[in-house]
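Participant: Dropping in run.cif, with mmCIF, C-alpha atoms.
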```
data_upload
#
loop_
_atom_site.label_atom_id
_atom_site.label_comp_id
_atom_site.auth_asym_id
_atom_site.auth_seq_id
_atom_site.Cartn_x
_atom_site.Cartn_y
_atom_site.Cartn_z
CA MET A 1 222.09 146.27 132.96
CA ARG A 2 218.29 145.90 133.54
CA ARG A 3 217.07 146.84 136.98
CA ALA A 4 214.74 144.30 138.65
CA PHE A 5 212.01 145.01 141.12
CA THR A 6 213.02 144.80 144.72
CA LEU A 7 211.07 142.69 147.19
CA VAL A 8 209.68 145.83 148.80
CA GLU A 9 208.45 147.14 145.45
CA LEU A 10 206.75 143.81 144.67
CA LEU A 11 205.04 143.81 148.05
CA VAL A 12 203.82 147.37 147.46
CA VAL A 13 202.36 146.40 144.06
CA ILE A 14 200.70 143.31 145.53
CA GLY A 15 199.29 145.44 148.32
CA ILE A 16 197.85 147.96 145.87
CA ILE A 17 196.25 145.17 143.83
CA ALA A 18 194.75 143.67 146.99
CA VAL A 19 193.26 147.03 147.97
CA LEU A 20 191.81 147.52 144.50
CA MET A 21 190.33 144.03 144.54
CA GLY A 22 188.80 144.72 147.94
CA ILE A 23 187.14 147.79 146.50
CA LEU A 24 186.04 146.25 143.21
CA MET A 25 184.71 142.87 144.39
CA PRO A 26 181.73 144.25 146.35
CA VAL A 27 180.90 146.49 143.40
CA LEU A 28 181.11 143.62 140.92
CA ASN A 29 179.05 141.39 143.22
CA LYS A 30 176.38 144.08 143.47
CA VAL A 31 176.32 144.47 139.69
CA ARG A 32 175.97 140.70 139.29
CA LYS A 33 173.06 140.57 141.73
CA GLN A 34 171.39 143.48 139.96
CA ALA A 35 171.75 141.69 136.62
CA VAL A 36 170.17 138.55 138.08
CA ARG A 37 167.29 140.53 139.54
CA THR A 38 166.76 142.29 136.21
CA GLN A 39 166.60 138.95 134.40
CA CYS A 40 164.07 137.69 136.94
CA VAL A 41 161.97 140.81 136.34
CA THR A 42 162.15 140.17 132.60
CA ASN A 43 161.01 136.57 133.04
CA LEU A 44 158.05 137.60 135.21
CA ARG A 45 157.11 140.36 132.77
CA THR A 46 157.06 137.80 129.96
CA LEU A 47 154.84 135.50 132.01
CA GLY A 48 152.62 138.51 132.64
CA SER A 49 152.11 138.90 128.91
CA GLY A 50 151.11 135.23 128.88
CA TYR A 51 148.34 136.08 131.35
CA PHE A 52 146.75 138.43 128.80
CA ILE A 53 147.21 136.04 125.91
CA TYR A 54 145.58 133.23 127.90
CA ALA A 55 142.62 135.47 128.74
CA ASN A 56 142.20 136.49 125.10
CA ASP A 57 142.25 132.84 124.04
CA ASN A 58 139.73 131.82 126.72
CA ARG A 59 136.91 134.34 126.46
CA GLY A 60 138.29 136.72 129.06
CA MET A 61 138.82 134.06 131.70
CA SER A 62 141.68 134.50 134.14
CA CYS A 63 144.20 131.68 134.10
CA PRO A 64 143.46 129.20 136.90
CA GLY A 65 146.21 128.10 139.23
CA ARG A 66 145.79 124.64 137.80
CA LEU A 67 143.48 123.17 135.19
CA PRO A 68 140.43 121.43 136.68
CA ALA A 69 140.77 117.68 137.05
CA ASP A 70 137.68 116.94 134.95
CA TRP A 71 138.47 119.15 131.96
CA ALA A 72 139.73 116.38 129.71
CA LYS A 73 138.62 118.26 126.61
CA HIS A 74 140.88 121.14 127.62
CA SER A 75 144.06 119.04 127.73
CA VAL A 76 146.37 121.75 126.44
CA TYR A 77 149.16 119.40 125.38
CA PHE A 78 146.80 117.05 123.53
CA LEU A 79 147.84 114.17 125.75
CA GLY A 80 144.31 112.95 126.23
CA ASP A 81 142.76 112.60 129.65
CA GLY A 82 142.81 115.82 131.68
CA ASP A 83 142.40 113.75 134.85
CA GLN A 84 145.88 112.38 134.23
CA TYR A 85 147.69 115.58 133.28
CA ARG A 86 146.65 118.87 134.87
CA PRO A 87 148.88 121.75 133.69
CA ARG A 88 149.68 124.46 136.21
CA TRP A 89 149.37 128.18 135.55
CA TYR A 90 152.83 128.73 134.08
CA GLU A 91 152.33 125.82 131.68
CA LEU A 92 148.96 127.20 130.57
CA MET A 93 150.47 130.64 129.94
CA GLY A 94 153.42 129.03 128.20
CA VAL A 95 151.11 127.22 125.78
CA ALA A 96 149.32 130.51 125.09
CA MET A 97 152.68 132.12 124.25
CA LYS A 98 153.90 129.01 122.40
CA LYS A 99 156.78 128.77 124.85
CA TYR A 100 157.07 125.54 126.80
CA PRO A 101 158.77 124.81 130.15
CA THR A 102 159.72 121.34 128.93
CA LYS A 103 159.49 119.19 125.81
CA LYS A 104 159.13 115.96 127.77
CA PHE A 105 155.45 115.78 128.59
CA ASN A 106 153.93 112.68 130.11
CA VAL A 107 150.32 111.58 129.77
CA ASN A 108 150.37 110.53 133.44
CA GLN A 109 150.58 113.14 136.16
CA ASP A 110 154.13 113.20 137.50
CA ASP A 111 155.44 115.77 139.98
CA SER A 112 159.06 114.75 139.49
CA TRP A 113 159.62 116.42 136.11
CA THR A 114 161.83 119.49 135.92
CA ILE A 115 161.66 122.68 133.89
CA GLU A 116 164.24 123.12 131.14
CA ASN A 117 163.35 126.52 129.67
CA PRO A 118 165.13 129.32 131.63
CA LEU A 119 162.26 131.70 130.83
CA PHE A 120 160.22 129.94 133.52
CA LEU A 121 162.94 129.98 136.19
CA CYS A 122 164.34 132.56 138.60
CA PRO A 123 168.02 133.07 137.66
CA SER A 124 169.00 133.62 141.30
CA VAL A 125 167.87 130.07 142.16
CA PRO A 126 167.99 128.14 138.86
CA GLU A 127 168.23 124.86 140.76
CA ARG A 128 164.63 125.31 141.96
CA ASN A 129 163.26 123.88 138.74
CA ASN A 130 160.82 121.19 139.87
CA SER A 131 157.34 121.45 138.36
CA ARG A 132 155.64 121.22 141.78
CA ASN A 133 158.26 122.76 144.05
CA TYR A 134 158.41 125.75 141.76
CA CYS A 135 160.15 129.10 142.24
CA TYR A 136 157.24 131.41 141.23
CA GLY A 137 153.93 131.31 143.11
CA TYR A 138 150.60 132.23 141.51
CA ASN A 139 147.78 134.16 143.21
CA TYR A 140 145.49 131.16 142.71
CA GLN A 141 143.00 131.89 145.51
CA PHE A 142 141.70 135.07 143.88
CA LEU A 143 142.61 134.58 140.21
CA GLY A 144 141.30 131.05 139.78
CA ASN A 145 141.10 128.17 142.23
CA ALA A 146 139.69 125.16 140.36
CA ARG A 147 139.69 122.80 143.32
CA ARG A 148 136.31 121.45 144.35
CA LYS A 149 134.19 122.20 147.41
CA PRO A 150 132.50 119.27 149.19
CA ASN A 151 129.30 120.07 147.26
CA GLY A 152 131.15 119.71 143.95
CA GLU A 153 131.34 123.41 143.08
CA TRP A 154 134.65 125.02 142.23
CA ILE A 155 136.10 127.12 145.03
CA ASN A 156 136.71 130.15 142.80
CA PHE A 157 136.53 129.35 139.10
CA PRO A 158 136.17 130.70 136.51
CA VAL A 159 137.24 134.28 137.24
CA LYS A 160 136.74 136.98 134.62
CA VAL A 161 139.70 139.28 133.93
CA GLY A 162 137.32 142.19 133.43
CA GLY A 163 136.41 142.17 137.11
CA ILE A 164 140.02 142.46 138.30
CA ASN A 165 141.80 145.71 139.15
CA ALA A 166 144.80 144.60 137.11
CA ALA A 167 147.30 147.34 138.01
CA SER A 168 147.05 146.69 141.75
CA THR A 169 146.52 142.90 141.81
CA VAL A 170 149.39 140.45 142.26
CA MET A 171 149.59 137.79 139.58
CA ALA A 172 152.74 135.90 140.62
CA LEU A 173 155.87 136.42 142.71
CA ASP A 174 159.07 134.90 144.05
CA CYS A 175 157.73 132.11 146.25
CA LEU A 176 159.02 130.22 149.27
CA GLY A 177 156.17 127.69 149.29
CA THR A 178 154.92 126.22 152.56
CA ALA A 179 158.30 126.83 154.19
CA ALA A 180 157.09 130.42 154.63
CA GLY A 181 155.01 129.45 157.65
CA LYS A 182 158.01 128.00 159.47
CA PRO A 183 160.77 129.73 161.47
CA LEU A 184 164.01 130.06 159.53
CA GLY A 185 165.71 127.41 161.64
CA GLN A 186 163.05 124.78 160.90
CA ARG A 187 163.08 125.02 157.11
CA THR A 188 164.61 122.09 155.27
CA GLY A 189 166.34 121.92 151.90
CA TYR A 190 164.98 122.04 148.38
CA TYR A 191 163.73 118.88 146.63
CA PRO A 192 164.16 118.96 142.83
CA ASP A 193 162.40 115.58 142.48
CA GLY A 194 159.03 116.80 143.74
CA VAL A 195 159.24 115.32 147.24
CA LYS A 196 156.38 116.54 149.44
CA ASP A 197 157.78 118.09 152.62
CA GLU A 198 155.83 120.97 154.15
CA TYR A 199 159.02 122.29 155.78
CA ALA A 200 161.04 122.33 152.55
CA ILE A 201 161.96 125.40 150.52
CA CYS A 202 159.46 125.90 147.67
CA ASN A 203 157.27 122.95 148.70
CA LYS A 204 154.11 123.54 146.65
CA GLY A 205 155.81 126.73 145.51
CA TRP A 206 153.77 127.05 142.31
CA CYS A 207 150.95 128.66 144.32
CA VAL A 208 151.15 131.42 146.91
CA ASP A 209 148.60 132.10 149.63
CA PRO A 210 147.53 135.72 150.20
CA PRO A 211 148.69 137.48 153.39
CA ARG A 212 145.52 136.98 155.42
CA LEU A 213 143.78 133.61 155.65
CA THR A 214 140.63 132.61 157.54
CA ALA A 215 139.26 129.46 159.15
CA THR A 216 137.45 128.62 155.88
CA SER A 217 140.32 129.49 153.52
CA ASP A 218 142.00 127.10 151.17
CA TYR A 219 145.76 126.54 151.53
CA ALA A 220 148.47 125.90 148.96
CA ASP A 221 148.56 122.30 150.19
CA PRO A 222 144.89 121.35 150.63
CA GLN A 223 145.78 118.22 152.59
CA HIS A 224 147.38 120.33 155.31
CA ARG A 225 145.14 123.33 155.90
CA LEU A 226 147.01 124.61 158.93
CA PRO A 227 148.44 128.11 159.54
CA VAL A 228 151.96 126.71 159.88
CA HIS A 229 151.70 125.24 156.39
CA ARG A 230 150.77 128.46 154.59
CA SER A 231 152.65 129.42 151.41
CA GLY A 232 154.29 132.82 151.12
CA PRO A 233 156.77 135.06 149.27
CA ASP A 234 160.55 134.72 149.16
CA ALA A 235 162.61 137.92 149.52
CA ARG A 236 165.48 136.38 147.57
CA HIS A 237 166.65 139.53 145.79
CA GLU A 238 168.58 141.44 148.47
CA GLY A 239 165.59 141.45 150.78
CA LYS A 240 163.04 142.18 148.06
CA VAL A 241 160.41 140.09 146.25
CA ASN A 242 159.93 140.43 142.50
CA VAL A 243 156.19 140.73 141.91
CA ALA A 244 154.30 140.55 138.61
CA PHE A 245 150.93 142.29 138.54
CA CYS A 246 147.97 141.42 136.35
CA ASP A 247 148.52 144.43 134.09
CA GLY A 248 151.99 143.15 133.19
CA HIS A 249 154.22 145.46 135.23
CA VAL A 250 156.74 144.10 137.76
CA ASP A 251 157.89 145.66 141.04
CA SER A 252 160.48 144.70 143.66
CA LEU A 253 158.82 144.95 147.07
CA ALA A 254 159.51 144.02 150.67
CA VAL A 255 157.41 141.17 152.08
CA GLN A 256 155.63 143.58 154.42
CA ASP A 257 154.80 145.92 151.52
CA LEU A 258 152.69 143.11 150.07
CA GLY A 259 150.52 142.96 153.19
CA TYR A 260 152.26 140.07 154.97
CA ILE A 261 153.42 140.03 158.57
CA VAL A 262 156.86 138.63 159.35
CA ASN A 263 157.56 137.31 162.85
CA ALA A 264 160.91 137.77 164.59
CA ASP A 265 161.81 134.13 163.81
CA GLY A 266 161.20 134.68 160.08
CA SER A 267 157.89 132.85 159.88
CA ILE A 268 154.87 134.41 158.16
CA PRO A 269 151.58 134.06 160.10
CA VAL A 270 148.12 133.88 158.50
CA SER A 271 146.67 136.82 160.43
CA GLY A 272 147.52 139.67 162.75
CA LEU A 273 147.58 143.45 162.94
CA GLY A 274 148.53 144.79 159.51
CA ALA A 275 147.86 141.64 157.47
CA THR A 276 145.82 142.61 154.41
CA ASN A 277 144.77 141.07 151.10
CA LYS A 278 144.39 144.39 149.28
CA MET A 279 147.06 143.57 146.71
CA PHE A 280 145.71 140.07 146.06
CA SER A 281 141.90 140.32 146.14
CA GLY A 282 141.45 141.89 142.70
CA SER A 283 139.08 144.46 144.16
CA GLY A 284 141.62 146.59 146.04
CA ARG A 285 139.89 145.69 149.30
CA ASP A 286 140.99 143.44 152.14
CA ASP A 287 138.63 140.64 151.08
CA ASP A 288 138.62 137.17 152.63
CA PRO A 289 139.84 134.41 150.34
CA PRO A 290 136.99 132.42 148.76
CA PRO A 291 135.87 129.72 151.26
CA VAL A 292 136.42 126.02 150.67
CA GLN A 293 132.86 125.17 151.79
#
```
Show me the file's structure as structure tokens.

Facilitator:
Amino acid sequence: MRRAFTLVELLVVIGIIAVLMGILMPVLNKVRKQAVRTQCVTNLRTLGSGYFIYANDNRGMSCPGRLPADWAKHSVYFLGDGDQYRPRWYELMGVAMKKYPTKKFNVNQDDSWTIENPLFLCPSVPERNNSRNYCYGYNYQFLGNARRKPNGEWINFPVKVGGINAASTVMALDCLGTAAGKPLGQRTGYYPDGVKDEYAICNKGWCVDPPRLTATSDYADPQHRLPVHRSGPDARHEGKVNVAFCDGHVDSLAVQDLGYIVNADGSIPVSGLGATNKMFSGSGRDDDPPPVQ
């Protein structure tokens, strides 16, 4: 006669399994998060190689945050008028690498399109795939700001790669967009259709402002040059920010390690004791961002 398990024995086995699951789940969750962070690092490192390729293809010029509006002859997707389609930095680097964020280009500028290629996305937040409200922010103020001053001059363009201290200069990082200037409780959701909301996660996330801004600084959103609307990093990887530097290496750093100040409410101010642009300026000094006038 075969002996069956008693109820007590079954409960003991179930209890042991529950204990083991309680031990293993945190470990597995940590491993999963580490794998995601590693993939993000890999993506940023690949984009970093695109920075060099772009410079080599453009006479040593650093990639601008966005192609100038009047560079029709430089329309990288051969769509015609550059005033209608102005590729952002990750698109320009993608073209240099022959890797494209999307295959559905439009001759007319359209902020609603989304990125399809996972190379250009952060795997921890793959839903943040809008072309404007993007997950990775570029150090546009110091590496190439092709917006115009009132007198018609570019704010900071072109910038030569040879003048940049590449190993210590931030190229791009995990970005929170203009939500960074707001307290945690005031930030709104993410808009994958390109909606413009200064309080939203990753609003204008394709560009990141350096830690310290001045009264004459540009802002990620030039229509709202106010301290509360500054763009900043997103510590989305267990309290760390993945940061790609201009020499191609990637580090995981705390927001404060990058020179930013973080208030008790989670907001990032534009100035204060400890705020420094040393890791963004390209010179290794705490330089002011190039003025808008």

Participant: Looking at all atoms listed in the file, which of A:His249, A:Arg147, A:His224, A:Lys103 is the one that sits closest to Leu173 (chain A)?

Facilitator: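 Looking at the shortest contact to Leu173 (chain A), the residue is A:His249.
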
Participant: So, counting all atoms listed in the file, which residue among A:Ile201, A:Ala167, A:Ala146, A:Leu184 is closest to Arg128 (chain A)?

Facilitator: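 Checking each candidate against Arg128 (chain A), we get A:Ile201 as the closest.
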
Participant: What gap, in Å, lies between CA of Pro269 (chain A) and CA of Asp209 (chain A)?

Facilitator: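 About the pair CA of Pro269 (chain A) and CA of Asp209 (chain A): they are 11.1 Å apart.
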
Participant: Of the candidates A:Tyr136, A:Val195, A:Gln39, A:Asp287, which shows the shortest atom-to-atom distance to Ser112 (chain A), using only C-alpha atoms?

Facilitator: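 Of A:Tyr136, A:Val195, A:Gln39, A:Asp287, the one nearest Ser112 (chain A) is A:Val195, counting only C-alpha atoms.
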
Participant: Step by step, work through what the PyMOL selection byres ((chain A and resi 171) around 7) selects in the shown file, and finish by giving those residues as a short mmCIF file (atom, residue, chain, number, x, y, z; two decimals) with C-alpha atoms, in the coordinates of the input.

Facilitator:
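Output (expr_8.cif):
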```
data_model
loop_
_atom_site.label_atom_id
_atom_site.label_comp_id
_atom_site.auth_asym_id
_atom_site.auth_seq_id
_atom_site.Cartn_x
_atom_site.Cartn_y
_atom_site.Cartn_z
CA TYR A 138 150.60 132.23 141.51
CA ASN A 139 147.78 134.16 143.21
CA THR A 169 146.52 142.90 141.81
CA VAL A 170 149.39 140.45 142.26
CA ALA A 172 152.74 135.90 140.62
CA ALA A 244 154.30 140.55 138.61
CA PHE A 245 150.93 142.29 138.54
CA CYS A 246 147.97 141.42 136.35
#
```

Participant: From the options A:Asn145, A:Gln256, A:Ser281, A:Val228, which residue's atoms come nearest to Val241 (chain A), counting all atoms listed in the file?

Facilitator: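 Nearest candidate to Val241 (chain A) out of A:Asn145, A:Gln256, A:Ser281, A:Val228: A:Gln256.
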
Participant: Evaluated on this file, the PyMOL selection byres ((chain A and resi 280) around 9) picks out some residues - which ones are they, written as a PDB file with C-alpha atoms, keeping the file's coordinate frame?

Facilitator:
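The file below, expr-v1.pdb, is the result:
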```
ATOM      1  CA  ASN A 139     147.780 134.160 143.210  1.00  0.00           C
ATOM      2  CA  GLN A 141     143.000 131.890 145.510  1.00  0.00           C
ATOM      3  CA  PHE A 142     141.700 135.070 143.880  1.00  0.00           C
ATOM      4  CA  LEU A 143     142.610 134.580 140.210  1.00  0.00           C
ATOM      5  CA  SER A 168     147.050 146.690 141.750  1.00  0.00           C
ATOM      6  CA  THR A 169     146.520 142.900 141.810  1.00  0.00           C
ATOM      7  CA  VAL A 170     149.390 140.450 142.260  1.00  0.00           C
ATOM      8  CA  MET A 171     149.590 137.790 139.580  1.00  0.00           C
ATOM      9  CA  PRO A 210     147.530 135.720 150.200  1.00  0.00           C
ATOM     10  CA  PRO A 211     148.690 137.480 153.390  1.00  0.00           C
ATOM     11  CA  LEU A 258     152.690 143.110 150.070  1.00  0.00           C
ATOM     12  CA  THR A 276     145.820 142.610 154.410  1.00  0.00           C
ATOM     13  CA  ASN A 277     144.770 141.070 151.100  1.00  0.00           C
ATOM     14  CA  LYS A 278     144.390 144.390 149.280  1.00  0.00           C
ATOM     15  CA  MET A 279     147.060 143.570 146.710  1.00  0.00           C
ATOM     16  CA  SER A 281     141.900 140.320 146.140  1.00  0.00           C
ATOM     17  CA  GLY A 282     141.450 141.890 142.700  1.00  0.00           C
ATOM     18  CA  SER A 283     139.080 144.460 144.160  1.00  0.00           C
ATOM     19  CA  GLY A 284     141.620 146.590 146.040  1.00  0.00           C
ATOM     20  CA  ARG A 285     139.890 145.690 149.300  1.00  0.00           C
ATOM     21  CA  ASP A 286     140.990 143.440 152.140  1.00  0.00           C
ATOM     22  CA  ASP A 287     138.630 140.640 151.080  1.00  0.00           C
TER      23      ASP A 287
END
```

Participant: Which one is closest to Pro222 (chain A): A:Lys204, A:Ser124, A:Asn117, A:Gly181? Count only C-alpha atoms.

Facilitator: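 Checking each of A:Lys204, A:Ser124, A:Asn117, A:Gly181 against Pro222 (chain A), counting only C-alpha atoms, the winner is A:Lys204.
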
Participant: So, counting only C-alpha atoms, which residue among A:Leu47, A:Pro291, A:Asn156, A:Leu119 is closest to Tyr90 (chain A)?

Facilitator: A:Leu47

Participant: What gap, in Å, lies between CA of Tyr140 (chain A) and CA of Val243 (chain A)?

Facilitator: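 Atom-to-atom, CA of Tyr140 (chain A) and CA of Val243 (chain A) are spaced 14.4 Å apart.
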
Participant: Show me a table, sorted first by chain and then by increasing residue number, of the residues of region 109-197 of chain A having an atom at most 6 Å from region 52-63 of chain A, each with its shortest atom pair and the distance in Å to one decimal, counting only C-alpha atoms and written as a Markdown table.

Facilitator:
```
| residue | atom | partner | partner_atom | distance |
| --- | --- | --- | --- | --- |
| A:Val159 | CA | A:Ser62 | CA | 5.4 |
| A:Lys160 | CA | A:Met61 | CA | 4.6 |
| A:Val161 | CA | A:Ser62 | CA | 5.2 |
```

Participant: Evaluated on this file, the PyMOL selection byres ((chain A and resi 273) around 12) picks out some residues - which ones are they, written as number ranges by chain?

Facilitator: A: 211-212, 256, 259-263, 269-272, 274-276

Participant: Could you jot down the CA of Lys149 (chain A) to CA of Pro227 (chain A) separation for me, Å, one decimal place?

Facilitator: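 Taking CA of Lys149 (chain A) as the start and CA of Pro227 (chain A) as the end point, the length is 19.6 Å.
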
Participant: Could you tell me, as a count of residues only, which residues have any atom at most 12 Å from (154.7, 127.8, 152.2), counting only C-alpha atoms?

Facilitator: 52

Participant: Extract, using only C-alpha atoms, all DNA, RNA and protein residues at most 9 Å from Val125 (chain A), discarding same-chain residues fewer than 4 positions from it, and format them as a PyMOL selection string.

Facilitator: chain A and resi 121+129+135+236

Participant: Padding of 3 Å on every side, edges along x, y and z, all listed atoms of region 229-240 of chain A included: what centre and edge lengths in Å, to one decimal, does that box have, as lines of an AutoDock Vina configuration file?

Facilitator:
```
center_x = 159.7
center_y = 133.7
center_z = 151.1
size_x = 23.8
size_y = 22.9
size_z = 16.6
```
